[in-house]
Structures are given as structure tokens and as C-alpha cells.
Amino acid sequence: MAKNKWGQNFLIQQEVVDSILQTADVKNGDFILEIGPGLGILTTAFLEHNADVIAVEIDPKLCEKLRKRFENEKKFTLMEMDAMELSPEALAGLIPAPAKVVANLPYNIATPLILRMLPVRNAWQSLTLMVQLEVAERICATPASGKIYGPLSLVGALGFKSTIIKKIPPESFKPVPKVDSALIRLIPHDSGLSSENENRFLKWSQLLFQQRRKTLMNGIRQHFPVWYQNHGDSLREFFGMRRPGTLNFTEWMNLFSDYMKIEQNEIR
């Protein structure tokens, strides 16, 4: 990984830029939010396709270079700020919806940024992101993927149709990172839950994933004792000795729906 203050690894290969443009289907009139434009290699490509670009950059030195490079570009707006300090609503409000998020993200903000965008994902037509390969694999994992399947996989499935487009080697960047990267595409979709219940689902499922080597029933007994005490027999009938990592997303959602119904009935 890069050793600079904000962890940037600047994209230097035009072939990868072309892959990003093709994946995001960047075209004339698109509104694009670019987080961490770096030296502007992707920004240049967006502007060449006549897209409107709002770029968010935290590094003052890079902002100075970007202002000089694109000073005559009317379709380029630079915002010198930390994207992670913006609320989800403020982030979505930076650019007219539906926009496209296209970015080579610093590794250290990829996961928290995706979580931040989750509740306002309807503002985005698509998210085409360069992230660390390990993060990409976790987001797109299923139970068949083994131990990488976990809470982040449920985030990916809850809010998006998530696809790894291609693996990107370290030499595509400068400074050269010590790990592989991956280009992923996230297409927002509706989970059927309110934003409040989505947040609740993620916290609830994360608790049950904490001891993934133990059975799901063990986690329910530990974290939701009343649920276990009152409904343990029916839960055992369906899940028996299964571990959290064996439940697919649909099973997680169905289990959460049952949990919510039972909790609401008990409150009454």
C-alpha cells in the first residue's frame, strides 16, 4: 500500500482506465462523482466523453495540481474536502441524480464509503469502483466462497447487484501497492426494507456472524435469549446445526423477517 498520508495509489495504465470507462458506460451527458481523483487520469477520460464531473479530493497539493490541469474545463468541479466527513445525504446531494460514481478509491476508505452510500444508493445509477481485491471478494461472496463470506457480503447483497469485473495487478498503480486490486460494479436495488430496518438487519446479522465457527442457534441463544427461549424449537427445526456462513442472503432475509414479526408481537 502507499505510504503517503491518505493512502493513494495513483492509476497509471490507460488500459485499466479504458476498462473502467467501459464498465461504467460513461457517455455524453452523464453526471459523475469521482472520489479521490488523484492526478486526474480518470477525470481526463470522463471529460473526453463529455461527462459532467464533480471530484472530491482531500489532499491540498493534489487539489492545486487538479485546478491547474482542468482550469479551462467547464464541466469539471473540484471540491476540496474529506468525503468521509459528509453525511450520506450530503454525499448524494453533491451531484444531480441519478449519477454514476466512478472512482479509484484509497484502500482505507472503500468499505466505510460503500456503507455510507448504502442508505442513499437510489441517488446513483451505478458505482464502478477500484478497491482492494480482498474487499471486492468479500462484497461479492456467497456461502460457496467459504470464509470470506460474511457481514460485508450481506451489505453487498442487501443494497446492490455486485459484480467483480476484473482483477487489477499492482503494477497498474504508482506507488505500487503490495496487494492486488479489483474493479467492481455495484448496481443499486431495493431490498424491500426501510432504511432504518436495513441498518437494523446489518447490525443483527453482524452479531450472529461474530462466532461463525459455532452454530447459528448458539449465536441466537447468546445474543437474543428471549427469541431463543420462546422459539428455539421452530428455529432448530429449520437451522439445526448450521453455521452462519452457510445461510445464503435469501435465508438471512427470511430469518430477519421472522425475527421482526416475533419481536413486534412480543412488544404488543
# chains A, B, ... in the order shown; residues from 1 in each chain; ligands from 1
$ select_by_dssp --residues "stretch 49-257 of chain A" --states "strand (DSSP E)" --output "VMD selection string"
chain A and resid 52 to 57 76 to 80 99 to 104 124 to 132 160 to 168 173 to 174 181 to 188
$ residues_around --residues "A:Phe224" --least-positions-apart "4" --cutoff "12 Å" --atoms "only C-alpha atoms" --output "ChimeraX atom specification"
/A:204-205,207-208,216-220,228-232,259,262-263
$ residues_around --residues "stretch 29-36 of chain A" --least-positions-apart "5" --cutoff "9 Å" --atoms "only C-alpha atoms" --output "PyMOL selection string"
chain A and resi 8+42-43+46+49-59+83+94-106
$ select_by_dssp --residues "stretch 9-162 of chain A" --states "alpha helix (DSSP H)" --output "VMD selection string"
chain A and resid 14 to 24 41 to 48 60 to 69 88 to 92 110 to 117 133 to 139 151 to 159
$ residues_around --residues "A:Ile148" --least-positions-apart "6" --cutoff "9 Å" --atoms "only C-alpha atoms" --output "MDAnalysis selection string"
chainID A and resid 134 137:139 141:142
$ atom_distance --atom1 "atom CA of A:Ile165" --atom2 "atom CA of A:Leu183"
5.4 Å
$ atom_distance --atom1 "atom CA of A:Pro177" --atom2 "atom CA of A:Leu129"
16.5 Å
$ atom_distance --atom1 "atom CA of A:Leu78" --atom2 "atom CA of A:Asp18"
22.5 Å
